[in-house]
Amino acid sequence: QVQLVESGGGLVQAGGSLRLSCAASGRTFSRFVMGWFRQAPGKEREFVGAISWNGGSTTLANSVKGRFTISRDNAKNTIYLQMNSLKPEDTAVYYCAANVGGSGSYYPRWNQYDYWGQGTQVTVSS
């Protein structure tokens, strides 16, 4: 079993920054591909980005490329989503997710992940 807990969400003005964290416990975190997704009201869950098990490869959605970065600290069982130049359209609940058995470096679909956090709200005001 894997438990994921996100933190760091909040209210920020457009152009501002936030850093989300996702702390994992349970199984061997350093072997997992980790992903970030978001879901705005009335919309489907959207892929934001993912990071390979050792942090050597990251993939970001086009909508956030150049503004967001993903990193991980396996010693702390934590991944991060640094969000800069935030826009109102970034407003959503942000989720981290873990893929525990795959061999790839990233997975863009929500159903490719085995465990999910409870989500953290990010609201960007204009």
# chains A, B, ... in the order shown; residues from 1 in each chain; ligands from 1
$ residues_around --residues "Asn74 (chain A)" --least-positions-apart "2" --cutoff "6 Å" --atoms "only C-alpha atoms" --output "MDAnalysis selection string"
chainID A and resid 30 76:77
$ write_last_selection --atoms "all heavy atoms" --output "short mmCIF file (atom, residue, chain, number, x, y, z; two decimals), in the first residue's frame"
data_model
loop_
_atom_site.label_atom_id
_atom_site.label_comp_id
_atom_site.auth_asym_id
_atom_site.auth_seq_id
_atom_site.Cartn_x
_atom_site.Cartn_y
_atom_site.Cartn_z
N SER A 30 11.31 5.14 -4.28
CA SER A 30 12.33 5.45 -5.29
C SER A 30 12.16 4.65 -6.57
O SER A 30 12.81 4.95 -7.57
CB SER A 30 13.73 5.23 -4.71
OG SER A 30 13.90 3.88 -4.34
N LYS A 76 13.71 11.86 0.82
CA LYS A 76 12.59 12.37 1.61
C LYS A 76 11.25 11.79 1.17
O LYS A 76 10.20 12.19 1.67
CB LYS A 76 12.54 13.90 1.52
CG LYS A 76 13.75 14.60 2.12
CD LYS A 76 13.60 16.10 2.03
CE LYS A 76 14.80 16.80 2.67
NZ LYS A 76 14.69 18.28 2.59
N ASN A 77 11.28 10.88 0.20
CA ASN A 77 10.04 10.29 -0.32
C ASN A 77 9.05 11.37 -0.76
O ASN A 77 7.85 11.28 -0.48
CB ASN A 77 9.39 9.38 0.73
CG ASN A 77 10.08 8.04 0.85
OD1 ASN A 77 11.15 7.83 0.25
ND2 ASN A 77 9.51 7.15 1.63
#
$ residues_around --residues "region 34-47 of chain A" --least-positions-apart "3" --cutoff "6 Å" --atoms "only C-alpha atoms" --output "ChimeraX atom specification"
/A:50-51,92-98,108
$ closest_residue --among "A:Gln1, A:Asn84, A:Gly16, A:Ser7" --to "Gln118 (chain A)" --atoms "only C-alpha atoms"
A:Ser7
$ residues_around --residues "Gly102 (chain A)" --least-positions-apart "6" --cutoff "12 Å" --atoms "only C-alpha atoms" --output "PDB file with C-alpha atoms, in the first residue's frame"
ATOM      1  CA  ARG A  31      11.085   2.864  -7.777  1.00  0.00           C
ATOM      2  CA  PHE A  32       7.915   4.727  -8.715  1.00  0.00           C
ATOM      3  CA  VAL A  33       7.134   6.920 -11.658  1.00  0.00           C
ATOM      4  CA  MET A  34       5.244   9.833 -10.147  1.00  0.00           C
ATOM      5  CA  SER A  52      10.881   9.076 -13.699  1.00  0.00           C
ATOM      6  CA  TRP A  53      11.937   6.985 -10.734  1.00  0.00           C
ATOM      7  CA  GLN A 112      -1.984   4.295 -15.625  1.00  0.00           C
ATOM      8  CA  TYR A 113      -1.491   5.203 -11.980  1.00  0.00           C
ATOM      9  CA  ASP A 114      -2.104   2.935  -9.014  1.00  0.00           C
TER      10      ASP A 114
END
$ closest_residue --among "A:Gln13, A:Ser71, A:Gln3, A:Thr28" --to "Val100 (chain A)" --atoms "only C-alpha atoms"
A:Thr28
$ select_by_dssp --residues "region 23-102 of chain A" --states "strand (DSSP E or B)" --output "PyMOL selection string"
chain A and resi 23-26+33-39+46-51+58-60+68-73+78-83+92-99
$ atom_distance --atom1 "CA of Val122 (chain A)" --atom2 "CA of Trp110 (chain A)"
19.1 Å
$ residues_around --residues "Ser125 (chain A)" --least-positions-apart "4" --cutoff "7 Å" --atoms "only C-alpha atoms" --output "PDB file with C-alpha atoms, in the first residue's frame"
ATOM      1  CA  VAL A  12      -2.355  33.254  -5.393  1.00  0.00           C
ATOM      2  CA  GLN A  13      -2.623  36.159  -7.801  1.00  0.00           C
ATOM      3  CA  ALA A  14      -1.969  35.697 -11.484  1.00  0.00           C
ATOM      4  CA  PRO A  88      -6.356  31.793 -13.714  1.00  0.00           C
TER       5      PRO A  88
END
$ residues_around --residues "Lys65 (chain A)" --least-positions-apart "6" --cutoff "12 Å" --atoms "only C-alpha atoms" --output "PDB file with N, CA, C and O atoms, in the first residue's frame"
ATOM      1  N   PHE A  47      -3.583  15.656 -17.273  1.00  0.00           N
ATOM      2  CA  PHE A  47      -2.164  15.400 -17.002  1.00  0.00           C
ATOM      3  C   PHE A  47      -1.400  16.710 -16.949  1.00  0.00           C
ATOM      4  O   PHE A  47      -1.523  17.553 -17.842  1.00  0.00           O
ATOM      5  N   VAL A  48      -0.607  16.880 -15.896  1.00  0.00           N
ATOM      6  CA  VAL A  48       0.239  18.063 -15.757  1.00  0.00           C
ATOM      7  C   VAL A  48       1.694  17.709 -16.059  1.00  0.00           C
ATOM      8  O   VAL A  48       2.373  18.404 -16.808  1.00  0.00           O
ATOM      9  N   GLY A  49       2.158  16.614 -15.482  1.00  0.00           N
ATOM     10  CA  GLY A  49       3.530  16.205 -15.719  1.00  0.00           C
ATOM     11  C   GLY A  49       3.872  14.954 -14.946  1.00  0.00           C
ATOM     12  O   GLY A  49       3.087  14.485 -14.119  1.00  0.00           O
ATOM     13  N   ALA A  50       5.037  14.415 -15.229  1.00  0.00           N
ATOM     14  CA  ALA A  50       5.489  13.204 -14.557  1.00  0.00           C
ATOM     15  C   ALA A  50       7.005  13.211 -14.462  1.00  0.00           C
ATOM     16  O   ALA A  50       7.693  13.928 -15.212  1.00  0.00           O
ATOM     17  N   THR A  58      11.804  14.127 -16.960  1.00  0.00           N
ATOM     18  CA  THR A  58      10.526  14.748 -16.612  1.00  0.00           C
ATOM     19  C   THR A  58       9.777  15.066 -17.898  1.00  0.00           C
ATOM     20  O   THR A  58      10.385  15.354 -18.936  1.00  0.00           O
ATOM     21  N   THR A  59       8.493  14.995 -17.808  1.00  0.00           N
ATOM     22  CA  THR A  59       7.623  15.316 -18.940  1.00  0.00           C
ATOM     23  C   THR A  59       6.529  16.247 -18.449  1.00  0.00           C
ATOM     24  O   THR A  59       5.927  16.000 -17.398  1.00  0.00           O
ATOM     25  N   GLN A  82       6.830  22.814  -8.878  1.00  0.00           N
ATOM     26  CA  GLN A  82       7.053  24.246  -8.790  1.00  0.00           C
ATOM     27  C   GLN A  82       6.260  24.916  -9.890  1.00  0.00           C
ATOM     28  O   GLN A  82       6.475  24.620 -11.068  1.00  0.00           O
ATOM     29  N   MET A  83       5.376  25.816  -9.502  1.00  0.00           N
ATOM     30  CA  MET A  83       4.486  26.462 -10.466  1.00  0.00           C
ATOM     31  C   MET A  83       4.770  27.959 -10.457  1.00  0.00           C
ATOM     32  O   MET A  83       4.566  28.626  -9.435  1.00  0.00           O
ATOM     33  N   ASN A  84       5.243  28.457 -11.575  1.00  0.00           N
ATOM     34  CA  ASN A  84       5.537  29.883 -11.727  1.00  0.00           C
ATOM     35  C   ASN A  84       4.620  30.486 -12.788  1.00  0.00           C
ATOM     36  O   ASN A  84       4.001  29.765 -13.572  1.00  0.00           O
ATOM     37  N   SER A  85       4.562  31.802 -12.799  1.00  0.00           N
ATOM     38  CA  SER A  85       3.744  32.519 -13.787  1.00  0.00           C
ATOM     39  C   SER A  85       2.337  31.944 -13.860  1.00  0.00           C
ATOM     40  O   SER A  85       1.817  31.668 -14.952  1.00  0.00           O
ATOM     41  N   LEU A  86       1.735  31.758 -12.727  1.00  0.00           N
ATOM     42  CA  LEU A  86       0.421  31.123 -12.676  1.00  0.00           C
ATOM     43  C   LEU A  86      -0.640  31.970 -13.361  1.00  0.00           C
ATOM     44  O   LEU A  86      -0.595  33.212 -13.333  1.00  0.00           O
TER      45      LEU A  86
END
$ residues_around --residues "Ser25 (chain A)" --least-positions-apart "2" --cutoff "8 Å" --atoms "only C-alpha atoms" --output "PyMOL selection string"
chain A and resi 2-4+23+27+29+77
$ atom_distance --atom1 "CA of Gly8 (chain A)" --atom2 "CA of Ser63 (chain A)"
20.6 Å
$ closest_residue --among "A:Thr69, A:Glu6, A:Val64, A:Leu20" --to "Trp116 (chain A)" --atoms "only C-alpha atoms"
A:Glu6
$ closest_residue --among "A:Ser126, A:Asn54, A:Gly104, A:Asn62" --to "Ala75 (chain A)" --atoms "only C-alpha atoms"
A:Asn54
